[in-house]
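Data from structure_11.cif: mmCIF, C-alpha atoms and all ligand atoms
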data_data
loop_
_atom_site.label_atom_id
_atom_site.label_comp_id
_atom_site.auth_asym_id
_atom_site.auth_seq_id
_atom_site.Cartn_x
_atom_site.Cartn_y
_atom_site.Cartn_z
CA MET A 1 0.00 0.00 0.00
CA ARG A 2 1.14 3.50 -0.78
CA ASN A 3 0.99 6.20 1.94
CA ILE A 4 1.02 9.89 1.21
CA VAL A 5 1.24 12.15 4.25
CA TYR A 6 0.39 15.85 4.17
CA THR A 7 1.67 18.35 6.65
CA GLY A 8 2.56 22.03 6.75
CA LYS A 9 1.85 25.17 8.76
CA GLY A 10 -1.68 25.74 10.05
CA GLY A 11 -4.17 26.97 7.47
CA VAL A 12 -1.97 26.63 4.36
CA GLY A 13 -4.29 24.11 2.67
CA LYS A 14 -3.18 20.68 3.89
CA THR A 15 -6.69 19.28 4.15
CA THR A 16 -7.64 20.69 0.75
CA ILE A 17 -4.64 19.16 -1.05
CA ALA A 18 -4.99 15.84 0.82
CA ALA A 19 -8.67 15.62 -0.13
CA ALA A 20 -7.99 16.58 -3.75
CA THR A 21 -5.23 13.97 -3.99
CA ALA A 22 -7.45 11.25 -2.57
CA LEU A 23 -10.26 12.15 -4.96
CA LYS A 24 -7.95 12.16 -7.97
CA ALA A 25 -6.52 8.74 -7.06
CA ALA A 26 -10.00 7.31 -6.49
CA THR A 27 -11.16 8.63 -9.87
CA MET A 28 -8.19 6.85 -11.45
CA GLY A 29 -9.42 3.58 -9.94
CA TYR A 30 -7.30 3.26 -6.81
CA LYS A 31 -9.17 2.22 -3.73
CA THR A 32 -8.34 5.15 -1.50
CA LEU A 33 -8.79 6.00 2.16
CA VAL A 34 -8.10 9.50 3.39
CA ILE A 35 -7.78 9.96 7.14
CA SER A 36 -7.40 13.12 9.14
CA THR A 37 -5.28 12.97 12.29
CA ASP A 38 -5.54 16.67 13.06
CA PRO A 39 -7.68 16.92 16.18
CA ALA A 40 -9.17 20.04 14.56
CA HIS A 41 -10.86 17.94 11.89
CA SER A 42 -11.93 19.67 8.71
CA LEU A 43 -11.74 16.79 6.24
CA GLY A 44 -15.51 16.34 6.35
CA ASP A 45 -15.99 20.07 5.71
CA SER A 46 -13.68 19.87 2.73
CA PHE A 47 -15.71 17.06 1.14
CA ASP A 48 -18.90 18.66 2.41
CA ARG A 49 -19.76 15.32 4.02
CA GLU A 50 -20.26 14.05 7.53
CA LEU A 51 -17.32 11.77 8.39
CA GLY A 52 -16.85 9.56 11.43
CA SER A 53 -14.25 7.66 13.38
CA SER A 54 -14.40 4.71 10.97
CA PRO A 55 -14.19 4.86 7.16
CA VAL A 56 -17.24 6.37 5.42
CA ALA A 57 -17.83 6.02 1.66
CA ILE A 58 -17.56 9.41 -0.07
CA ALA A 59 -17.48 8.50 -3.78
CA ASP A 60 -16.53 5.51 -5.93
CA ASN A 61 -13.32 4.03 -4.50
CA LEU A 62 -13.08 6.84 -1.96
CA TYR A 63 -13.42 6.56 1.81
CA GLY A 64 -12.79 9.09 4.55
CA GLN A 65 -12.21 8.93 8.29
CA GLU A 66 -11.56 11.44 11.03
CA VAL A 67 -9.42 9.65 13.58
CA SER A 68 -10.56 10.07 17.13
CA VAL A 69 -7.85 10.36 19.72
CA TYR A 70 -10.28 8.97 22.24
CA GLY A 71 -10.21 5.53 20.66
CA ASP A 72 -9.39 2.25 22.39
CA LEU A 73 -5.69 2.74 22.41
CA SER A 74 -5.71 6.02 24.20
CA LEU A 75 -8.18 4.63 26.68
CA ASN A 76 -5.77 1.78 27.37
CA TRP A 77 -2.93 4.19 27.60
CA GLU A 78 -4.83 6.15 30.20
CA ILE A 79 -5.08 3.03 32.37
CA VAL A 80 -1.34 2.49 32.08
CA ARG A 81 -0.47 6.09 32.73
CA GLU A 82 -2.67 6.35 35.78
CA HIS A 83 -1.29 3.16 37.17
CA PHE A 84 2.29 4.35 36.94
CA ALA A 85 1.53 7.81 38.16
CA HIS A 86 -0.17 6.26 41.16
CA LEU A 87 2.63 3.78 41.69
CA MET A 88 5.16 6.56 41.81
CA GLU A 89 3.04 8.60 44.12
CA VAL A 90 2.67 5.72 46.57
CA GLN A 91 6.42 5.09 46.46
CA GLY A 92 7.13 8.74 46.95
CA ILE A 93 9.20 8.79 43.77
CA LYS A 94 9.98 12.29 42.75
CA GLY A 95 12.29 14.08 40.43
CA ILE A 96 13.27 12.91 37.03
CA TYR A 97 10.91 9.95 36.70
CA VAL A 98 7.91 12.03 37.52
CA GLU A 99 9.08 14.71 35.12
CA GLU A 100 9.57 12.20 32.37
CA MET A 101 6.16 10.75 33.01
CA GLY A 102 4.88 14.26 32.49
CA VAL A 103 5.30 13.84 28.74
CA LEU A 104 2.75 11.09 28.75
CA PRO A 105 -0.45 13.10 28.36
CA GLY A 106 0.59 14.05 24.84
CA MET A 107 0.90 10.42 23.85
CA GLU A 108 -2.69 10.20 22.65
CA GLU A 109 -1.61 11.78 19.42
CA LEU A 110 0.63 8.86 18.76
CA PHE A 111 -2.32 6.57 18.48
CA SER A 112 -3.55 8.41 15.46
CA LEU A 113 -0.35 7.22 13.81
CA SER A 114 -1.09 3.65 14.81
CA TYR A 115 -3.92 3.72 12.25
CA ILE A 116 -1.31 4.08 9.53
CA LYS A 117 0.17 0.81 10.66
CA LYS A 118 -3.20 -0.85 11.00
CA TYR A 119 -4.27 0.00 7.45
CA ASN A 120 -0.92 -1.00 6.01
CA GLU A 121 -1.26 -4.39 7.64
CA SER A 122 -4.82 -4.91 6.46
CA ASP A 123 -4.06 -4.11 2.82
CA ASP A 124 -7.70 -3.15 2.20
CA TYR A 125 -6.71 -0.06 0.24
CA ASP A 126 -4.29 0.85 -2.55
CA LEU A 127 -3.64 4.27 -1.12
CA LEU A 128 -3.79 5.86 2.30
CA VAL A 129 -3.73 9.66 2.34
CA VAL A 130 -3.03 11.17 5.76
CA ASP A 131 -4.08 14.72 6.50
CA CYS A 132 -1.88 15.57 9.48
CA ALA A 133 -1.91 18.22 12.14
CA PRO A 134 0.32 21.29 11.60
CA THR A 135 4.05 20.63 11.32
CA GLY A 136 4.93 21.26 14.96
CA GLU A 137 2.62 18.60 16.29
CA THR A 138 3.41 16.18 13.50
CA LEU A 139 7.14 16.41 14.16
CA ARG A 140 6.64 15.97 17.86
CA LEU A 141 4.62 12.91 17.01
CA LEU A 142 7.43 11.46 14.96
CA SER A 143 9.82 11.86 17.84
CA ILE A 144 7.51 9.95 20.18
CA PRO A 145 8.23 6.35 19.19
CA GLU A 146 11.79 6.98 20.38
CA THR A 147 10.55 8.35 23.65
CA PHE A 148 8.04 5.58 23.85
CA GLY A 149 10.60 2.81 23.56
CA TRP A 150 12.56 4.47 26.31
CA MET A 151 9.46 4.82 28.44
CA LEU A 152 8.64 1.17 28.08
CA LYS A 153 12.10 0.25 29.32
CA LEU A 154 11.62 2.57 32.26
CA MET A 155 8.35 0.89 33.11
CA ARG A 156 9.76 -2.60 32.89
CA ASN A 157 12.64 -1.53 35.10
CA MET A 158 10.29 0.01 37.56
CA GLU A 159 8.52 -3.27 37.83
CA LYS A 160 11.81 -5.03 38.43
CA TYR A 161 13.53 -2.60 40.70
CA VAL A 162 10.79 -0.64 42.28
CA VAL A 163 7.74 -2.80 42.57
CA LYS A 164 9.18 -6.16 43.55
CA PRO A 165 11.60 -5.14 46.31
CA LEU A 166 8.88 -3.05 47.84
CA ILE A 167 6.33 -5.79 48.09
CA ARG A 168 7.71 -6.89 51.44
CA PRO A 169 7.51 -3.61 53.29
CA ILE A 170 4.20 -2.91 51.69
CA SER A 171 2.74 -6.22 52.72
CA LYS A 172 2.61 -4.79 56.21
CA ARG A 173 -0.05 -2.55 54.86
CA VAL A 174 -2.00 -5.30 53.21
CA GLY A 175 -4.92 -3.12 52.52
CA LYS A 176 -2.82 -1.05 50.15
CA LEU A 177 -1.23 -3.93 48.31
CA HIS A 178 -3.68 -4.07 45.47
CA ASP A 179 -3.07 -0.40 44.91
CA VAL A 180 0.56 -0.93 44.17
CA VAL A 181 1.12 -4.27 42.52
CA PRO A 182 0.23 -3.74 38.88
CA GLU A 183 -2.81 -5.53 37.68
CA GLU A 184 -1.68 -8.05 35.13
CA ASP A 185 -3.77 -6.10 32.73
CA VAL A 186 -1.50 -3.11 32.84
CA TYR A 187 1.44 -5.03 31.43
CA ASN A 188 -0.72 -6.56 28.75
CA GLN A 189 -1.81 -3.07 27.84
CA VAL A 190 1.76 -1.85 27.67
CA ASP A 191 2.63 -4.69 25.32
CA HIS A 192 -0.42 -4.10 23.22
CA LEU A 193 0.31 -0.39 22.99
CA PHE A 194 3.88 -0.96 22.13
CA SER A 195 3.17 -3.44 19.37
CA SER A 196 0.63 -1.02 17.93
CA VAL A 197 3.12 1.77 17.49
CA GLU A 198 6.26 -0.24 16.99
CA GLY A 199 7.55 0.02 13.49
CA ILE A 200 5.64 3.16 12.60
CA ILE A 201 8.83 5.07 11.98
CA ASP A 202 10.14 2.18 9.89
CA LEU A 203 7.01 2.31 7.80
CA LEU A 204 7.15 6.08 7.49
CA SER A 205 10.80 6.07 6.55
CA ASP A 206 10.38 3.41 3.88
CA GLY A 207 10.60 5.78 0.92
CA SER A 208 9.29 3.10 -1.45
CA LYS A 209 5.95 3.13 0.37
CA THR A 210 5.57 6.37 2.24
CA THR A 211 6.32 9.94 1.24
CA VAL A 212 5.48 13.25 2.83
CA ARG A 213 4.22 16.17 0.74
CA LEU A 214 4.67 19.55 2.35
CA VAL A 215 1.99 22.15 1.74
CA MET A 216 2.94 25.82 2.03
CA ASN A 217 2.06 29.34 0.94
CA PRO A 218 4.50 31.82 -0.60
CA GLU A 219 5.12 33.75 2.65
CA LYS A 220 8.14 34.27 4.83
CA MET A 221 6.95 32.59 8.04
CA VAL A 222 5.62 29.62 6.15
CA LEU A 223 8.87 29.22 4.24
CA LYS A 224 10.86 29.10 7.48
CA GLU A 225 8.58 26.51 9.04
CA THR A 226 8.66 24.38 5.90
CA MET A 227 12.46 24.43 5.88
CA ARG A 228 12.57 23.33 9.49
CA ALA A 229 10.06 20.58 8.76
CA LEU A 230 12.25 19.25 5.96
CA THR A 231 15.32 19.24 8.22
CA TYR A 232 13.56 17.22 10.89
CA LEU A 233 11.82 14.86 8.48
CA ASN A 234 15.19 14.10 6.91
CA LEU A 235 16.63 13.53 10.36
CA TYR A 236 14.00 10.82 10.84
CA GLY A 237 14.85 9.41 7.42
CA ILE A 238 11.50 10.37 5.94
CA THR A 239 11.30 11.27 2.24
CA VAL A 240 9.62 14.47 1.10
CA ASP A 241 8.72 13.96 -2.56
CA GLN A 242 6.77 17.12 -3.33
CA ILE A 243 6.28 20.69 -2.17
CA VAL A 244 2.82 22.08 -2.89
CA VAL A 245 2.73 25.88 -2.93
CA ASN A 246 -0.91 26.77 -2.42
CA ARG A 247 -2.80 30.07 -2.82
CA VAL A 248 -0.57 31.50 -5.52
CA LEU A 249 -2.00 34.68 -7.06
CA LEU A 250 -2.14 34.22 -10.82
CA ASP A 251 -0.93 36.78 -13.35
CA GLU A 252 -4.44 37.65 -14.44
CA VAL A 253 -5.24 38.88 -10.94
CA ASP A 254 -5.61 42.67 -11.03
CA GLY A 255 -6.25 45.52 -8.59
CA LYS A 256 -3.56 47.48 -6.74
CA PHE A 257 -3.92 45.69 -3.43
CA LEU A 258 -3.53 42.27 -5.00
CA SER A 259 -0.74 43.23 -7.36
CA GLU A 260 1.31 44.29 -4.37
CA TRP A 261 0.69 40.90 -2.85
CA LYS A 262 1.61 39.30 -6.16
CA GLU A 263 5.02 41.01 -6.03
CA ILE A 264 5.61 39.74 -2.50
CA GLN A 265 4.61 36.23 -3.55
CA LYS A 266 6.91 36.36 -6.57
CA LYS A 267 9.86 37.03 -4.32
CA TYR A 268 9.04 34.03 -2.13
CA LEU A 269 8.23 31.77 -5.07
CA ASP A 270 11.76 32.34 -6.39
CA GLN A 271 13.15 31.67 -2.95
CA ILE A 272 11.09 28.47 -2.61
CA ASP A 273 12.48 27.23 -5.93
CA ARG A 274 16.04 27.88 -4.88
CA THR A 275 15.53 26.41 -1.43
CA PHE A 276 13.77 23.13 -2.14
CA SER A 277 14.91 22.17 -5.61
CA PRO A 278 15.45 19.37 -6.72
CA ILE A 279 12.32 18.29 -4.80
CA PRO A 280 9.45 18.81 -7.29
CA ILE A 281 7.45 21.96 -6.55
CA ILE A 282 3.91 22.49 -7.77
CA GLN A 283 1.86 25.69 -7.57
CA VAL A 284 -1.87 25.82 -6.89
CA PRO A 285 -3.66 29.11 -7.62
CA PHE A 286 -5.67 31.15 -5.16
CA PHE A 287 -9.28 30.45 -6.13
CA ARG A 288 -12.04 33.03 -6.04
CA GLN A 289 -14.01 30.94 -3.60
CA GLU A 290 -13.30 28.42 -0.88
CA VAL A 291 -12.32 24.97 -2.06
CA VAL A 292 -15.19 22.88 -0.77
CA GLY A 293 -17.00 19.90 -2.30
CA LEU A 294 -16.08 17.30 -4.90
CA ASP A 295 -16.26 19.64 -7.93
CA MET A 296 -13.77 22.13 -6.53
CA LEU A 297 -11.53 19.38 -5.20
CA GLU A 298 -11.50 17.76 -8.62
CA LYS A 299 -10.26 21.04 -10.09
CA VAL A 300 -7.45 21.21 -7.54
CA GLY A 301 -6.53 17.57 -8.22
CA GLU A 302 -6.26 18.31 -11.95
CA ILE A 303 -3.93 21.22 -11.29
CA VAL A 304 -1.68 19.27 -8.92
CA TYR A 305 -1.46 16.06 -10.97
CA ARG A 306 -2.56 16.83 -14.55
CA ASP A 307 -1.76 13.53 -16.31
CA SER A 308 0.52 12.16 -13.63
CA ASP A 309 -0.32 9.49 -11.10
CA PRO A 310 -0.64 10.72 -7.49
CA LEU A 311 0.78 7.41 -6.27
CA ASP A 312 4.05 7.89 -8.12
CA ILE A 313 7.05 8.51 -5.95
CA LEU A 314 8.02 11.91 -7.25
CA TYR A 315 11.43 12.18 -5.68
CA ARG A 316 13.83 9.80 -4.01
CA GLU A 317 16.48 10.82 -1.62
CA GLU A 318 19.22 9.20 0.37
CA HIS A 319 19.33 10.17 4.05
CA VAL A 320 22.28 8.20 5.29
CA ASN A 321 25.41 7.22 3.48
CA ILE A 322 28.42 5.39 4.88
CA LYS A 323 31.71 5.16 3.02
CA LYS A 324 34.85 3.32 3.99
CA GLN A 325 37.97 5.45 3.69
CA ASP A 326 40.56 3.09 5.07
CA GLU A 327 40.86 0.24 7.50
CA GLY A 328 39.07 1.48 10.65
CA HIS A 329 38.19 4.80 9.07
CA TYR A 330 34.67 5.57 7.85
CA ILE A 331 32.65 8.63 6.92
CA MET A 332 28.94 8.67 7.68
CA LYS A 333 26.80 11.36 6.08
CA LEU A 334 23.38 12.28 7.45
CA ARG A 335 21.10 14.48 5.40
CA ALA A 336 20.08 17.58 7.38
CA PRO A 337 19.38 20.59 5.17
CA PHE A 338 19.05 24.20 6.40
CA ILE A 339 20.66 23.77 9.80
CA PHE A 340 22.53 27.02 9.39
CA ASP A 341 19.78 28.94 7.63
CA ASN A 342 17.64 28.44 10.70
CA ASN A 343 20.38 28.78 13.32
CA MET A 344 19.72 25.32 14.63
CA GLU A 345 22.28 23.68 16.83
CA ALA A 346 23.47 20.23 15.98
CA ASN A 347 25.39 17.83 18.14
CA ILE A 348 26.36 14.22 18.13
CA VAL A 349 27.03 11.91 21.05
CA GLN A 350 28.24 8.37 20.65
CA VAL A 351 28.05 5.75 23.37
CA GLY A 352 29.14 2.41 21.96
CA GLU A 353 26.65 1.31 19.35
CA LEU A 354 24.24 4.16 20.04
CA MET A 355 24.78 7.50 18.36
CA THR A 356 22.42 10.31 19.27
CA VAL A 357 22.03 13.12 16.78
CA ARG A 358 20.37 16.22 18.11
CA ILE A 359 19.30 19.03 15.80
CA GLY A 360 17.43 21.98 17.22
CA ASN A 361 14.59 20.65 19.33
CA TYR A 362 14.63 17.09 18.11
CA GLN A 363 16.90 14.15 18.48
CA LYS A 364 17.22 10.73 17.04
CA GLY A 365 19.09 7.68 18.23
CA VAL A 366 20.93 5.77 15.55
CA ILE A 367 21.99 2.20 16.26
CA LEU A 368 25.34 1.98 14.54
CA PRO A 369 26.23 -0.98 12.35
CA ALA A 370 28.70 -3.33 14.05
CA PHE A 371 31.67 -2.14 12.01
CA LEU A 372 31.13 1.41 13.29
CA ALA A 373 30.17 0.61 16.87
CA GLY A 374 33.74 -0.37 17.68
CA LEU A 375 35.09 2.89 16.32
CA ARG A 376 34.68 6.37 17.72
CA VAL A 377 33.42 9.61 16.31
CA SER A 378 36.53 11.63 15.65
CA SER A 379 35.02 14.66 13.94
CA ALA A 380 31.70 16.07 12.78
CA ASN A 381 31.20 18.80 10.20
CA TYR A 382 28.42 20.34 8.22
CA LYS A 383 28.85 20.35 4.46
CA GLU A 384 26.26 21.25 1.85
CA LYS A 385 23.12 20.04 3.61
CA TRP A 386 24.85 17.01 5.13
CA LEU A 387 26.20 16.29 8.58
CA VAL A 388 29.49 14.54 7.95
CA VAL A 389 30.62 12.30 10.79
CA GLU A 390 34.01 10.69 10.78
CA PHE A 391 34.67 7.42 12.59
CA LYS A 392 38.16 6.27 13.50
CA LYS A 393 39.73 3.48 15.48
CA LYS A 394 39.82 3.90 19.20
CA GLU A 395 43.37 4.48 20.29
CA LYS A 396 44.59 4.62 23.81
CA ASP A 397 46.41 7.84 23.17
CA ALA A 398 43.87 9.15 20.68
CA THR A 399 43.91 12.90 20.53
CA LYS A 400 40.80 14.76 21.56
CA SER A 401 38.10 14.99 18.93
CA GLU A 402 38.27 18.07 16.77
N1 LIG B 1 -6.06 27.49 -3.34
C1 LIG B 1 -7.05 27.93 -2.57
N2 LIG B 1 -7.85 28.95 -2.97
C2 LIG B 1 -8.84 29.38 -2.18
N3 LIG B 1 -9.15 28.87 -0.99
C3 LIG B 1 -8.40 27.85 -0.53
C4 LIG B 1 -7.32 27.32 -1.29
N4 LIG B 1 -6.77 26.30 -0.59
C5 LIG B 1 -7.47 26.21 0.57
N5 LIG B 1 -8.46 27.12 0.60
C6 LIG B 1 -9.41 27.35 1.70
O1 LIG B 1 -8.66 27.74 2.84
C7 LIG B 1 -9.21 27.20 4.02
C8 LIG B 1 -8.12 26.41 4.78
O2 LIG B 1 -7.69 25.32 4.00
P1 LIG B 1 -7.37 23.90 4.65
O3 LIG B 1 -7.10 22.96 3.55
O4 LIG B 1 -8.44 23.53 5.61
O5 LIG B 1 -6.03 24.26 5.43
P2 LIG B 1 -5.24 23.41 6.54
O6 LIG B 1 -5.72 22.00 6.46
O7 LIG B 1 -3.79 23.54 6.17
O8 LIG B 1 -5.53 24.06 7.84
C9 LIG B 1 -10.36 26.32 3.59
O9 LIG B 1 -11.53 27.04 3.79
C10 LIG B 1 -10.12 26.08 2.12
O10 LIG B 1 -11.33 25.92 1.41
MG MG B 2 -6.58 20.82 8.02
#

Take the structure in the file and write it out as structure tokens.
Amino acid sequence: MRNIVYTGKGGVGKTTIAAATALKAATMGYKTLVISTDPAHSLGDSFDRELGSSPVAIADNLYGQEVSVYGDLSLNWEIVREHFAHLMEVQGIKGIYVEEMGVLPGMEELFSLSYIKKYNESDDYDLLVVDCAPTGETLRLLSIPETFGWMLKLMRNMEKYVVKPLIRPISKRVGKLHDVVPEEDVYNQVDHLFSSVEGIIDLLSDGSKTTVRLVMNPEKMVLKETMRALTYLNLYGITVDQIVVNRVLLDEVDGKFLSEWKEIQKKYLDQIDRTFSPIPIIQVPFFRQEVVGLDMLEKVGEIVYRDSDPLDILYREEHVNIKKQDEGHYIMKLRAPFIFDNNMEANIVQVGELMTVRIGNYQKGVILPAFLAGLRVSSANYKEKWLVVEFKKKEKDATKSE
């Protein structure tokens, strides 16, 4: 199954382009499901149809769904979260654990991503179009599976090191015992949750199946946010195969007010070309009326795809590249465009086989292949949109890294 994911700044036209893409694909004969994971659902409004939390038929081959974050998974998660919060409270655990557990409330969003996995496993559709929340939330979401794996370890360890040794002292207060020893259920839930989200990043970063299309408008703030989005998506190994520039004022637009806007847009359109090329960029005009309903969406779909197939992978890109230089000397390149343009800080920490790359507000753990794990990072530089990390043999008297 092919997955096309739309994100971008709030209000730029993500839902519109996602809906138009789904409609175009369905018209071409692909069985298509479009889901919205933005809690502020507007997919139904775009199609001018009532949608629900399970797929609803919209047209031939076309189904739509507005994912509810209050589904089963988040309910289960709530049980788990409460249990651990309570456990820590009873044990008087404070400090870092409690702080880390504080990130849990936002986890509901993750479960919207679990639908992507579910539909990919079921193979009921040829195409899944995902209308995501604005970039900030979407990126935070992508960083969660990492956090989640870590969290699960923490929980398992808590069971081992915190719960068990404390059963004895607690047994003096028998009445409280059931409060503290986890119901078997909780661990089943943790496993269930974990298996539901496990592999989402793998699926999303499989560029032969999943690509992200970034929707933007020709404006300064939007350009900046789109650049940052591309940096972070590349960090997670996710392929962006198209940039859709929406609400472009056409040449025939007249009137003084609008022609001034047209000039401003022209400046940013040039900049967008320079910034994102060679990723394909497509422009969608500013229509005289709102884009609502199948007829308007069909028009948009024709503009975006003309004779091309929406399911095509429009651009392929390598995100990691490792080259041997010498015996015990390798260069690893990680794609991370625009770090400097946006004044983002980058740093790399290696502990054995785990290398953590942090850029701006996000970080990613990379499990190094065996032939690199025994070496050490000796230098890291930034060259033409790539982080270049050099690995050399560990030497007792190795000089300090550059
Ligand atoms: N090219 C366009 N011309 C005119 N109106 C548009 C265009 N693209 C989107 N719209 C309208 O702008 C509003 C916001 O679009 P939407 O797709 O919901 O944005 P987002 O999902 O990014 O928040 C909607 O009312 C939509 O009909
Ligand atoms: Mg939307």

May I have a table of the residues of chain A lying at most 10 Å from ligand MG 2 (chain B), giving each one's closest pair of atoms and their distance in Å to one decimal, counting all atoms listed in the file, ordered by chain and ascending residue number, as a Markdown table?
| residue | atom | partner | partner_atom | distance |
| --- | --- | --- | --- | --- |
| A:Tyr6 | CA | B:MG2 | MG | 9.4 |
| A:Thr7 | CA | B:MG2 | MG | 8.7 |
| A:Gly8 | CA | B:MG2 | MG | 9.3 |
| A:Lys9 | CA | B:MG2 | MG | 9.5 |
| A:Gly10 | CA | B:MG2 | MG | 7.2 |
| A:Gly11 | CA | B:MG2 | MG | 6.6 |
| A:Val12 | CA | B:MG2 | MG | 8.3 |
| A:Gly13 | CA | B:MG2 | MG | 6.7 |
| A:Lys14 | CA | B:MG2 | MG | 5.4 |
| A:Thr15 | CA | B:MG2 | MG | 4.2 |
| A:Thr16 | CA | B:MG2 | MG | 7.3 |
| A:Ile17 | CA | B:MG2 | MG | 9.4 |
| A:Ala18 | CA | B:MG2 | MG | 8.9 |
| A:Ala19 | CA | B:MG2 | MG | 9.9 |
| A:Ser36 | CA | B:MG2 | MG | 7.8 |
| A:Thr37 | CA | B:MG2 | MG | 9.0 |
| A:Asp38 | CA | B:MG2 | MG | 6.6 |
| A:Pro39 | CA | B:MG2 | MG | 9.1 |
| A:Ala40 | CA | B:MG2 | MG | 7.1 |
| A:His41 | CA | B:MG2 | MG | 6.4 |
| A:Ser42 | CA | B:MG2 | MG | 5.5 |
| A:Leu43 | CA | B:MG2 | MG | 6.8 |
| A:Asp45 | CA | B:MG2 | MG | 9.7 |
| A:Ser46 | CA | B:MG2 | MG | 8.9 |
| A:Asp131 | CA | B:MG2 | MG | 6.8 |
| A:Cys132 | CA | B:MG2 | MG | 7.2 |
| A:Ala133 | CA | B:MG2 | MG | 6.7 |
| A:Pro134 | CA | B:MG2 | MG | 7.8 |

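Using all atoms listed in the file, the smallest distance between any of A:Phe371, A:Tyr63, A:Tyr119, A:Phe287 and ligand LIG 1 (chain B) comes from A:Phe287.
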
For A:Leu372: contacts at 12 Å, only C-alpha atoms, fewer than 4 positions along chain excluded, given as a list in words: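 Close residues of A:Leu372: Ile322, Lys323, Lys324, Glu327, Gly328, His329, Tyr330, Ile331, Met332, Gln350, Val351, Gly352, Glu353, Leu354, Met355, Val366, Ile367, Leu368, Arg376, Val377, Ser378, Val389, Glu390, Phe391, Lys392, Lys393 and Lys394 of chain A.
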
Compile the contact shell of A:Leu235 as a PDB file with C-alpha atoms, in the coordinates of the input: residues with an atom at most 10 Å away, counting all atoms listed in the file, same-chain residues fewer than 2 positions apart removed.
ATOM      1  CA  ALA A 229      10.060  20.580   8.760  1.00  0.00           C
ATOM      2  CA  LEU A 230      12.250  19.250   5.960  1.00  0.00           C
ATOM      3  CA  THR A 231      15.320  19.240   8.220  1.00  0.00           C
ATOM      4  CA  TYR A 232      13.560  17.220  10.890  1.00  0.00           C
ATOM      5  CA  LEU A 233      11.820  14.860   8.480  1.00  0.00           C
ATOM      6  CA  GLY A 237      14.850   9.410   7.420  1.00  0.00           C
ATOM      7  CA  ILE A 238      11.500  10.370   5.940  1.00  0.00           C
ATOM      8  CA  THR A 239      11.300  11.270   2.240  1.00  0.00           C
ATOM      9  CA  HIS A 319      19.330  10.170   4.050  1.00  0.00           C
ATOM     10  CA  VAL A 320      22.280   8.200   5.290  1.00  0.00           C
ATOM     11  CA  LEU A 334      23.380  12.280   7.450  1.00  0.00           C
ATOM     12  CA  ARG A 335      21.100  14.480   5.400  1.00  0.00           C
ATOM     13  CA  ALA A 336      20.080  17.580   7.380  1.00  0.00           C
ATOM     14  CA  PRO A 337      19.380  20.590   5.170  1.00  0.00           C
ATOM     15  CA  VAL A 357      22.030  13.120  16.780  1.00  0.00           C
ATOM     16  CA  ARG A 358      20.370  16.220  18.110  1.00  0.00           C
ATOM     17  CA  ILE A 359      19.300  19.030  15.800  1.00  0.00           C
ATOM     18  CA  TYR A 362      14.630  17.090  18.110  1.00  0.00           C
ATOM     19  CA  GLN A 363      16.900  14.150  18.480  1.00  0.00           C
ATOM     20  CA  LYS A 364      17.220  10.730  17.040  1.00  0.00           C
TER      21      LYS A 364
END

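Note that atom CA of A:Leu23 and atom CA of A:Phe47 are 9.5 Å apart.
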
Using all atoms listed in the file: which of A:Asp202, A:Glu260, A:Glu225, A:Glu317 has the shortest distance to A:Leu139: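 Among A:Asp202, A:Glu260, A:Glu225, A:Glu317, it is A:Glu225 that comes nearest to A:Leu139.
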
Residue contacts of A:Ile243 (12 Å, only C-alpha atoms) excluding same-chain residues fewer than 6 positions away, as number ranges by chain: A: 5-8, 14, 17, 211-218, 223, 226-227, 229-230, 269, 272-273, 275-284, 304, 314-315

Which residue of A:Val34, A:Glu318, A:Ser379, A:Asp326 approaches A:Asn347 most closely, using only C-alpha atoms: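 Ranking A:Val34, A:Glu318, A:Ser379, A:Asp326 by distance to A:Asn347, first place goes to A:Ser379.
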
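Interatomic distance, atom CA of A:Glu302 to atom CA of A:Val244: 13.4 Å.
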